[in-house]
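Take a look at the structure below.
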Amino acid sequence: FDSYPPTSTQPASRNKLVAFRTHLKHVKMMKIAALATLLAGSVSAFAPSINNGRVTTAIAAEKSQALPFMNRPALLDGSMAGDVGFDPLGLSNIDDIGIDLYWLREAEVKHARVAMLAVIGILQVEIFGPAPGCEMATDKCQMDAFWQIWGAHPQYIAFALIMITITEMFSGIAATSGRESGERAPGDFGLDPLGYSKGDNFERLQAQEIANGRLAMFAAAGEIMQGCSTHEGAIENLMTSLKANSF
């Protein structure tokens, strides 16, 4: 139509033709703009994007480091020590019953530290004998030794339960206030007399703590289950297993 000459010299026909040409130009421009937008969206779908220092592809979700055949949980972005995206049950997404990722992390760190102390305590008593004042706990199996102390000095157990209650109370207050303020990391009680948090290897130490704590939780559970089923100490169970399965 741009090169088609007008067939009428009347002003009305000329105005209609100019208006029609202008309309065609607008339609062409709208089509070009829509095509450019579509192409830009298609390219950006395959283009890598930067997210927290990691390059990801928007067309496919980022895979879990621990479970490469599953997508990485949305909240497990690697910012926490020991986070490798392992959450097959989706517990990190819970946020409607008073439990969230902060609360779960606080519980994990707490139980990891308790488990490390428990494993060392069980082995220490089995190797070196009971502590002063607990001489009646002579059994190598610490689960049975617990009942020996209960039978001789139940006040020891009662005192321990009171101390646990007080510790849990302070821990709960710290976790609740830290979750609301966002100024406290889970498990951080400011206890660092040797100044490890000020060093360059603090992140590595945090990762080591949670890794060893997770291993200790399995170890403590194994010691308790074996003690309750065999009524032998942890080292005795280990020796028995080695003898029975040696070649």
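Each chain of the structure tokens is named A, B, ... in the order shown, its residues numbered from 1; ligands are numbered from 1 in display order.
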* To do: Skip stretch 137-153 of chain A itself and residues of its chain fewer than 5 positions away, then list as a ChimeraX atom specification all residues within 9 Å of it, counting only C-alpha atoms.
  => /A:122,125-127,129-131,223-224,227-228,230-234,236
Could those selected residues go to a file with all heavy atoms, as a compact mmCIF listing (two decimals), in the first residue's frame?
```txt
# COMPACT_ATOMS: atom_id res chain seq x y z
N ILE A 122 29.80 -42.14 77.47
CA ILE A 122 29.60 -43.59 77.56
C ILE A 122 30.93 -44.33 77.45
O ILE A 122 31.24 -45.23 78.24
CB ILE A 122 28.61 -44.06 76.47
CG1 ILE A 122 27.20 -43.56 76.80
CG2 ILE A 122 28.63 -45.57 76.33
CD1 ILE A 122 26.18 -43.85 75.72
N VAL A 125 33.31 -43.68 80.64
CA VAL A 125 32.96 -44.43 81.85
C VAL A 125 33.27 -45.91 81.66
O VAL A 125 33.73 -46.60 82.58
CB VAL A 125 31.48 -44.22 82.19
CG1 VAL A 125 31.07 -45.10 83.36
CG2 VAL A 125 31.22 -42.75 82.52
N GLU A 126 33.04 -46.42 80.46
CA GLU A 126 33.31 -47.83 80.21
C GLU A 126 34.81 -48.14 80.29
O GLU A 126 35.21 -49.21 80.75
CB GLU A 126 32.76 -48.23 78.85
CG GLU A 126 32.92 -49.72 78.55
CD GLU A 126 32.30 -50.12 77.22
OE1 GLU A 126 31.62 -49.27 76.59
OE2 GLU A 126 32.51 -51.26 76.79
N ILE A 127 35.64 -47.21 79.84
CA ILE A 127 37.09 -47.44 79.82
C ILE A 127 37.73 -47.16 81.18
O ILE A 127 38.52 -47.96 81.69
CB ILE A 127 37.74 -46.57 78.73
CG1 ILE A 127 37.25 -47.00 77.35
CG2 ILE A 127 39.26 -46.68 78.79
CD1 ILE A 127 37.70 -46.08 76.23
N GLY A 129 36.04 -46.27 84.18
CA GLY A 129 35.26 -46.52 85.36
C GLY A 129 34.37 -45.35 85.73
O GLY A 129 34.46 -44.26 85.14
N PRO A 130 33.50 -45.53 86.73
CA PRO A 130 32.55 -44.48 87.11
C PRO A 130 33.23 -43.29 87.75
O PRO A 130 34.34 -43.38 88.28
CB PRO A 130 31.62 -45.20 88.10
CG PRO A 130 32.45 -46.31 88.65
CD PRO A 130 33.34 -46.76 87.54
N ALA A 131 32.53 -42.17 87.71
CA ALA A 131 33.03 -40.94 88.32
C ALA A 131 32.93 -41.02 89.83
O ALA A 131 32.18 -41.84 90.37
CB ALA A 131 32.23 -39.74 87.79
N GLU A 223 24.65 -47.01 70.46
CA GLU A 223 25.11 -47.45 71.78
C GLU A 223 23.94 -47.75 72.70
O GLU A 223 23.96 -48.74 73.45
CB GLU A 223 26.00 -46.37 72.40
CG GLU A 223 27.35 -46.22 71.72
CD GLU A 223 28.17 -45.11 72.32
OE1 GLU A 223 27.58 -44.23 72.99
OE2 GLU A 223 29.40 -45.10 72.13
N ILE A 224 22.91 -46.90 72.65
CA ILE A 224 21.75 -47.11 73.52
C ILE A 224 20.99 -48.37 73.12
O ILE A 224 20.61 -49.20 73.97
CB ILE A 224 20.83 -45.88 73.49
CG1 ILE A 224 21.55 -44.68 74.12
CG2 ILE A 224 19.52 -46.16 74.21
CD1 ILE A 224 20.79 -43.38 73.98
N GLY A 227 23.07 -51.44 73.99
CA GLY A 227 23.10 -51.65 75.43
C GLY A 227 21.81 -52.22 75.96
O GLY A 227 21.81 -53.10 76.83
N CYS A 228 20.68 -51.74 75.44
CA CYS A 228 19.38 -52.24 75.90
C CYS A 228 19.11 -53.66 75.43
O CYS A 228 18.38 -54.41 76.10
CB CYS A 228 18.27 -51.31 75.43
SG CYS A 228 18.27 -49.67 76.18
N THR A 230 21.66 -56.06 74.33
CA THR A 230 22.69 -57.05 74.69
C THR A 230 23.16 -56.93 76.13
O THR A 230 23.80 -57.84 76.64
CB THR A 230 23.90 -56.89 73.76
OG1 THR A 230 24.53 -55.62 74.00
CG2 THR A 230 23.49 -56.99 72.29
N HIS A 231 22.89 -55.79 76.77
CA HIS A 231 23.34 -55.51 78.15
C HIS A 231 24.87 -55.61 78.24
O HIS A 231 25.41 -56.06 79.25
CB HIS A 231 22.68 -56.47 79.15
CG HIS A 231 21.19 -56.30 79.20
ND1 HIS A 231 20.58 -55.27 79.88
CD2 HIS A 231 20.20 -57.03 78.61
CE1 HIS A 231 19.26 -55.37 79.74
NE2 HIS A 231 19.01 -56.43 78.97
N GLU A 232 25.54 -55.17 77.19
CA GLU A 232 27.00 -55.09 77.16
C GLU A 232 27.39 -53.65 76.84
O GLU A 232 26.60 -52.87 76.32
CB GLU A 232 27.58 -56.04 76.12
CG GLU A 232 27.36 -57.52 76.42
CD GLU A 232 27.98 -58.42 75.36
OE1 GLU A 232 28.45 -57.88 74.34
OE2 GLU A 232 27.99 -59.65 75.54
N GLY A 233 28.65 -53.33 77.14
CA GLY A 233 29.14 -52.01 76.83
C GLY A 233 29.36 -51.80 75.34
O GLY A 233 29.36 -52.76 74.55
N ALA A 234 29.56 -50.57 74.94
CA ALA A 234 29.74 -50.26 73.52
C ALA A 234 30.99 -50.92 72.97
O ALA A 234 30.98 -51.48 71.87
CB ALA A 234 29.80 -48.75 73.33
N GLU A 236 32.50 -53.56 74.24
CA GLU A 236 32.26 -55.01 74.26
C GLU A 236 31.45 -55.44 73.04
O GLU A 236 31.75 -56.46 72.40
CB GLU A 236 31.52 -55.40 75.53
CG GLU A 236 32.37 -55.34 76.79
CD GLU A 236 31.59 -55.74 78.03
OE1 GLU A 236 30.45 -55.28 78.16
OE2 GLU A 236 32.12 -56.51 78.85
```
Kindly assemble as CSV a list of the stretch 66-150 of chain A residues that lie within 7 Å of stretch 187-210 of chain A, each paired with its nearest atom pair and their distance in Å to one decimal, using only C-alpha atoms, sorted first by chain and then by ascending residue number.
```
residue,atom,partner,partner_atom,distance
A:Ala81,CA,A:Ala207,CA,4.8
A:Gly82,CA,A:Ala207,CA,5.0
A:Glu106,CA,A:Gly187,CA,5.3
A:Val109,CA,A:Gly187,CA,5.9
A:Lys110,CA,A:Gly187,CA,6.6
A:Ala112,CA,A:Ile210,CA,6.8
```
* DSSP alpha helix (DSSP H) residues within stretch 57-238 of chain A, as an MDAnalysis selection string -> chainID A and resid 101:128 142:152 154:181 202:230 234:238
* To do: For A:Ala118, please output as JSON, numbers by chain all residues within 10 Å (counting only C-alpha atoms; exclusion window: fewer than 4 positions along the same chain).
  => {"A": [112, 113, 114, 122, 123, 124, 216, 217, 219, 220, 221, 223]}
Save out the residues we just selected, C-alpha atoms, as a PDB file, in the first residue's frame.
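result.pdb was written with the following content:
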```pdb
ATOM      1  CA  ALA A 112      24.207 -32.850  67.861  1.00  0.00           C
ATOM      2  CA  ARG A 113      26.107 -31.316  70.771  1.00  0.00           C
ATOM      3  CA  VAL A 114      24.331 -33.487  73.350  1.00  0.00           C
ATOM      4  CA  ILE A 122      29.601 -43.592  77.559  1.00  0.00           C
ATOM      5  CA  LEU A 123      33.039 -44.597  76.296  1.00  0.00           C
ATOM      6  CA  GLN A 124      34.875 -42.708  79.045  1.00  0.00           C
ATOM      7  CA  ALA A 216      27.356 -38.708  66.985  1.00  0.00           C
ATOM      8  CA  MET A 217      23.550 -38.854  66.953  1.00  0.00           C
ATOM      9  CA  ALA A 219      26.501 -43.395  67.314  1.00  0.00           C
ATOM     10  CA  ALA A 220      24.617 -42.540  70.513  1.00  0.00           C
ATOM     11  CA  ALA A 221      21.450 -44.185  69.211  1.00  0.00           C
ATOM     12  CA  GLU A 223      25.108 -47.446  71.777  1.00  0.00           C
TER      13      GLU A 223
END
```
* Atomic separation - atom CA of A:Trp103 relative to atom CA of A:Leu67, Å ->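 Atom CA of A:Leu67 sits 23.4 Å away from atom CA of A:Trp103.
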* Find, counting only C-alpha atoms, the residue in A:Ser246, A:Ser64, A:Gln155, A:Phe128 that gets nearest to A:Pro88. =>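 Result for the nearest residue to A:Pro88: A:Ser64.
The spacing separating atom CA of A:Lys63 from atom CA of A:Leu75 amounts to 13.1 Å.
Take the candidates A:Asn212, A:Asn245, A:Ser181, A:Asn93 and check each one against A:Arg72 using only C-alpha atoms; the shortest distance goes to A:Asn93.
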* Distance in Å - atom CA of A:Phe170 versus atom CA of A:Tyr156 ->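 Those two atoms sit 21.6 Å apart.
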Compile the contact shell of A:Leu76 as a PDB file with all heavy atoms, in the first residue's frame: residues with an atom at most 10 Å away, counting only C-alpha atoms, same-chain residues fewer than 3 positions apart removed.
```pdb
ATOM      1  N   SER A  64      19.614 -31.084  44.194  1.00  0.00           N
ATOM      2  CA  SER A  64      20.187 -31.216  45.525  1.00  0.00           C
ATOM      3  C   SER A  64      21.591 -31.796  45.434  1.00  0.00           C
ATOM      4  O   SER A  64      21.849 -32.713  44.647  1.00  0.00           O
ATOM      5  CB  SER A  64      19.300 -32.104  46.393  1.00  0.00           C
ATOM      6  OG  SER A  64      19.958 -32.475  47.577  1.00  0.00           O
ATOM      7  N   ARG A  72      16.595 -29.241  44.688  1.00  0.00           N
ATOM      8  CA  ARG A  72      17.035 -28.668  45.952  1.00  0.00           C
ATOM      9  C   ARG A  72      15.864 -27.994  46.645  1.00  0.00           C
ATOM     10  O   ARG A  72      15.122 -27.224  46.031  1.00  0.00           O
ATOM     11  CB  ARG A  72      18.137 -27.637  45.697  1.00  0.00           C
ATOM     12  CG  ARG A  72      18.623 -26.926  46.959  1.00  0.00           C
ATOM     13  CD  ARG A  72      19.661 -25.860  46.627  1.00  0.00           C
ATOM     14  NE  ARG A  72      19.125 -24.828  45.767  1.00  0.00           N
ATOM     15  CZ  ARG A  72      18.378 -23.802  46.185  1.00  0.00           C
ATOM     16  NH1 ARG A  72      18.056 -23.681  47.458  1.00  0.00           N
ATOM     17  NH2 ARG A  72      17.936 -22.907  45.323  1.00  0.00           N
ATOM     18  N   PRO A  73      15.657 -28.266  47.954  1.00  0.00           N
ATOM     19  CA  PRO A  73      14.586 -27.576  48.685  1.00  0.00           C
ATOM     20  C   PRO A  73      14.773 -26.068  48.623  1.00  0.00           C
ATOM     21  O   PRO A  73      15.899 -25.565  48.672  1.00  0.00           O
ATOM     22  CB  PRO A  73      14.733 -28.109  50.117  1.00  0.00           C
ATOM     23  CG  PRO A  73      15.403 -29.441  49.958  1.00  0.00           C
ATOM     24  CD  PRO A  73      16.329 -29.288  48.784  1.00  0.00           C
ATOM     25  N   SER A  79      23.341 -21.624  52.833  1.00  0.00           N
ATOM     26  CA  SER A  79      23.857 -20.587  53.726  1.00  0.00           C
ATOM     27  C   SER A  79      24.178 -21.136  55.113  1.00  0.00           C
ATOM     28  O   SER A  79      24.974 -20.543  55.837  1.00  0.00           O
ATOM     29  CB  SER A  79      22.847 -19.440  53.839  1.00  0.00           C
ATOM     30  OG  SER A  79      21.603 -19.916  54.333  1.00  0.00           O
ATOM     31  N   MET A  80      23.566 -22.253  55.502  1.00  0.00           N
ATOM     32  CA  MET A  80      23.837 -22.851  56.806  1.00  0.00           C
ATOM     33  C   MET A  80      24.964 -23.869  56.687  1.00  0.00           C
ATOM     34  O   MET A  80      25.098 -24.548  55.667  1.00  0.00           O
ATOM     35  CB  MET A  80      22.584 -23.540  57.363  1.00  0.00           C
ATOM     36  CG  MET A  80      21.450 -22.595  57.651  1.00  0.00           C
ATOM     37  SD  MET A  80      20.065 -23.437  58.505  1.00  0.00           S
ATOM     38  CE  MET A  80      19.633 -24.678  57.298  1.00  0.00           C
ATOM     39  N   ASP A  83      24.798 -27.643  55.120  1.00  0.00           N
ATOM     40  CA  ASP A  83      23.621 -27.749  54.264  1.00  0.00           C
ATOM     41  C   ASP A  83      24.020 -28.275  52.888  1.00  0.00           C
ATOM     42  O   ASP A  83      24.732 -27.611  52.142  1.00  0.00           O
ATOM     43  CB  ASP A  83      22.944 -26.386  54.135  1.00  0.00           C
ATOM     44  CG  ASP A  83      21.758 -26.414  53.181  1.00  0.00           C
ATOM     45  OD1 ASP A  83      21.282 -27.516  52.856  1.00  0.00           O
ATOM     46  OD2 ASP A  83      21.308 -25.333  52.773  1.00  0.00           O
ATOM     47  N   VAL A  84      23.566 -29.477  52.552  1.00  0.00           N
ATOM     48  CA  VAL A  84      23.827 -30.069  51.233  1.00  0.00           C
ATOM     49  C   VAL A  84      22.508 -30.392  50.532  1.00  0.00           C
ATOM     50  O   VAL A  84      22.473 -31.217  49.614  1.00  0.00           O
ATOM     51  CB  VAL A  84      24.696 -31.339  51.359  1.00  0.00           C
ATOM     52  CG1 VAL A  84      26.100 -30.992  51.782  1.00  0.00           C
ATOM     53  CG2 VAL A  84      24.073 -32.332  52.345  1.00  0.00           C
ATOM     54  N   GLY A  85      21.441 -29.744  50.957  1.00  0.00           N
ATOM     55  CA  GLY A  85      20.155 -29.925  50.289  1.00  0.00           C
ATOM     56  C   GLY A  85      19.483 -31.248  50.569  1.00  0.00           C
ATOM     57  O   GLY A  85      18.676 -31.708  49.754  1.00  0.00           O
ATOM     58  N   PHE A  86      19.787 -31.866  51.706  1.00  0.00           N
ATOM     59  CA  PHE A  86      19.177 -33.163  52.037  1.00  0.00           C
ATOM     60  C   PHE A  86      17.904 -32.941  52.834  1.00  0.00           C
ATOM     61  O   PHE A  86      17.941 -32.596  54.017  1.00  0.00           O
ATOM     62  CB  PHE A  86      20.165 -34.018  52.844  1.00  0.00           C
ATOM     63  CG  PHE A  86      19.639 -35.393  53.174  1.00  0.00           C
ATOM     64  CD1 PHE A  86      19.679 -36.402  52.230  1.00  0.00           C
ATOM     65  CD2 PHE A  86      19.096 -35.665  54.415  1.00  0.00           C
ATOM     66  CE1 PHE A  86      19.189 -37.663  52.527  1.00  0.00           C
ATOM     67  CE2 PHE A  86      18.594 -36.915  54.721  1.00  0.00           C
ATOM     68  CZ  PHE A  86      18.654 -37.929  53.773  1.00  0.00           C
ATOM     69  N   ASP A  87      16.762 -33.129  52.190  1.00  0.00           N
ATOM     70  CA  ASP A  87      15.474 -32.993  52.862  1.00  0.00           C
ATOM     71  C   ASP A  87      14.419 -33.756  52.071  1.00  0.00           C
ATOM     72  O   ASP A  87      13.491 -33.172  51.505  1.00  0.00           O
ATOM     73  CB  ASP A  87      15.087 -31.522  52.992  1.00  0.00           C
ATOM     74  CG  ASP A  87      13.815 -31.319  53.801  1.00  0.00           C
ATOM     75  OD1 ASP A  87      13.462 -32.230  54.563  1.00  0.00           O
ATOM     76  OD2 ASP A  87      13.178 -30.262  53.665  1.00  0.00           O
ATOM     77  N   SER A  92      11.846 -28.902  55.781  1.00  0.00           N
ATOM     78  CA  SER A  92      12.246 -27.486  55.785  1.00  0.00           C
ATOM     79  C   SER A  92      11.127 -26.563  55.322  1.00  0.00           C
ATOM     80  O   SER A  92      11.202 -25.352  55.519  1.00  0.00           O
ATOM     81  CB  SER A  92      13.476 -27.288  54.890  1.00  0.00           C
ATOM     82  OG  SER A  92      13.181 -27.642  53.541  1.00  0.00           O
ATOM     83  N   ASN A  93      10.081 -27.120  54.719  1.00  0.00           N
ATOM     84  CA  ASN A  93       8.970 -26.294  54.235  1.00  0.00           C
ATOM     85  C   ASN A  93       7.866 -26.132  55.265  1.00  0.00           C
ATOM     86  O   ASN A  93       6.898 -25.419  55.010  1.00  0.00           O
ATOM     87  CB  ASN A  93       8.387 -26.920  52.956  1.00  0.00           C
ATOM     88  CG  ASN A  93       9.398 -26.941  51.823  1.00  0.00           C
ATOM     89  OD1 ASN A  93      10.173 -26.006  51.659  1.00  0.00           O
ATOM     90  ND2 ASN A  93       9.399 -28.016  51.045  1.00  0.00           N
ATOM     91  N   LEU A 101      12.119 -23.560  59.776  1.00  0.00           N
ATOM     92  CA  LEU A 101      13.489 -23.999  59.547  1.00  0.00           C
ATOM     93  C   LEU A 101      14.413 -23.546  60.672  1.00  0.00           C
ATOM     94  O   LEU A 101      15.346 -24.267  61.049  1.00  0.00           O
ATOM     95  CB  LEU A 101      13.986 -23.461  58.196  1.00  0.00           C
ATOM     96  CG  LEU A 101      15.392 -23.897  57.772  1.00  0.00           C
ATOM     97  CD1 LEU A 101      15.487 -25.415  57.679  1.00  0.00           C
ATOM     98  CD2 LEU A 101      15.768 -23.262  56.444  1.00  0.00           C
TER      99      LEU A 101
END
```
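Here the strand (DSSP E or B) residues in stretch 17-241 of chain A, by DSSP on the backbone, are Pro48, Ser49, Ile50, Asn51, Arg54, Val55, Thr56, Thr57, Lys63 and Asn71 of chain A.
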Would you save the residues from that selection as an mmCIF file, in the first residue's frame, using all heavy atoms?
```cif
data_model
loop_
_atom_site.group_PDB
_atom_site.id
_atom_site.type_symbol
_atom_site.label_atom_id
_atom_site.label_comp_id
_atom_site.auth_asym_id
_atom_site.auth_seq_id
_atom_site.Cartn_x
_atom_site.Cartn_y
_atom_site.Cartn_z
ATOM 1 N N PRO A 48 21.717 -18.510 31.630
ATOM 2 C CA PRO A 48 22.062 -18.698 33.038
ATOM 3 C C PRO A 48 21.858 -17.425 33.833
ATOM 4 O O PRO A 48 22.063 -16.334 33.323
ATOM 5 C CB PRO A 48 23.551 -19.090 32.981
ATOM 6 C CG PRO A 48 24.042 -18.501 31.704
ATOM 7 C CD PRO A 48 22.883 -18.559 30.747
ATOM 8 N N SER A 49 21.450 -17.552 35.067
ATOM 9 C CA SER A 49 21.241 -16.400 35.948
ATOM 10 C C SER A 49 22.039 -16.599 37.212
ATOM 11 O O SER A 49 22.303 -17.719 37.632
ATOM 12 C CB SER A 49 19.752 -16.246 36.284
ATOM 13 O OG SER A 49 19.289 -17.412 36.923
ATOM 14 N N ILE A 50 22.404 -15.495 37.861
ATOM 15 C CA ILE A 50 23.204 -15.537 39.079
ATOM 16 C C ILE A 50 22.282 -15.492 40.274
ATOM 17 O O ILE A 50 21.440 -14.613 40.394
ATOM 18 C CB ILE A 50 24.197 -14.357 39.119
ATOM 19 C CG1 ILE A 50 25.070 -14.375 37.865
ATOM 20 C CG2 ILE A 50 25.057 -14.438 40.369
ATOM 21 C CD1 ILE A 50 25.896 -15.637 37.721
ATOM 22 N N ASN A 51 22.428 -16.445 41.185
ATOM 23 C CA ASN A 51 21.602 -16.516 42.396
ATOM 24 C C ASN A 51 22.494 -16.876 43.563
ATOM 25 O O ASN A 51 22.918 -18.006 43.699
ATOM 26 C CB ASN A 51 20.499 -17.553 42.228
ATOM 27 C CG ASN A 51 19.595 -17.608 43.435
ATOM 28 O OD1 ASN A 51 19.579 -16.674 44.230
ATOM 29 N ND2 ASN A 51 18.855 -18.699 43.592
ATOM 30 N N ARG A 54 25.781 -18.512 42.689
ATOM 31 C CA ARG A 54 25.760 -19.755 41.946
ATOM 32 C C ARG A 54 25.068 -19.522 40.620
ATOM 33 O O ARG A 54 24.072 -18.802 40.522
ATOM 34 C CB ARG A 54 25.026 -20.851 42.723
ATOM 35 C CG ARG A 54 25.692 -21.220 44.033
ATOM 36 C CD ARG A 54 24.976 -22.406 44.643
ATOM 37 N NE ARG A 54 23.559 -22.138 44.821
ATOM 38 C CZ ARG A 54 23.062 -21.495 45.870
ATOM 39 N NH1 ARG A 54 23.857 -21.048 46.816
ATOM 40 N NH2 ARG A 54 21.758 -21.288 45.988
ATOM 41 N N VAL A 55 25.562 -20.119 39.554
ATOM 42 C CA VAL A 55 24.961 -20.006 38.245
ATOM 43 C C VAL A 55 23.927 -21.103 38.095
ATOM 44 O O VAL A 55 24.219 -22.274 38.260
ATOM 45 C CB VAL A 55 26.024 -20.130 37.138
ATOM 46 C CG1 VAL A 55 25.370 -20.047 35.772
ATOM 47 C CG2 VAL A 55 27.065 -19.033 37.295
ATOM 48 N N THR A 56 22.677 -20.736 37.789
ATOM 49 C CA THR A 56 21.619 -21.704 37.617
ATOM 50 C C THR A 56 20.952 -21.485 36.272
ATOM 51 O O THR A 56 21.091 -20.434 35.652
ATOM 52 C CB THR A 56 20.572 -21.562 38.735
ATOM 53 O OG1 THR A 56 20.030 -20.240 38.682
ATOM 54 C CG2 THR A 56 21.189 -21.800 40.102
ATOM 55 N N THR A 57 20.216 -22.453 35.796
ATOM 56 C CA THR A 57 19.465 -22.357 34.570
ATOM 57 C C THR A 57 17.999 -22.337 34.908
ATOM 58 O O THR A 57 17.504 -23.228 35.597
ATOM 59 C CB THR A 57 19.790 -23.551 33.655
ATOM 60 O OG1 THR A 57 21.189 -23.564 33.419
ATOM 61 C CG2 THR A 57 19.046 -23.420 32.331
ATOM 62 N N LYS A 63 19.437 -28.890 41.333
ATOM 63 C CA LYS A 63 19.381 -30.201 41.961
ATOM 64 C C LYS A 63 20.072 -30.184 43.320
ATOM 65 O O LYS A 63 20.971 -29.405 43.570
ATOM 66 C CB LYS A 63 20.039 -31.253 41.065
ATOM 67 C CG LYS A 63 19.326 -31.446 39.731
ATOM 68 C CD LYS A 63 17.892 -31.915 39.931
ATOM 69 C CE LYS A 63 17.190 -32.143 38.617
ATOM 70 N NZ LYS A 63 15.775 -32.575 38.804
ATOM 71 N N ASN A 71 15.134 -32.213 43.304
ATOM 72 C CA ASN A 71 15.354 -30.769 43.302
ATOM 73 C C ASN A 71 15.783 -30.290 44.681
ATOM 74 O O ASN A 71 15.401 -30.860 45.701
ATOM 75 C CB ASN A 71 14.081 -30.035 42.882
ATOM 76 C CG ASN A 71 13.714 -30.298 41.439
ATOM 77 O OD1 ASN A 71 14.574 -30.635 40.625
ATOM 78 N ND2 ASN A 71 12.441 -30.160 41.122
#
```
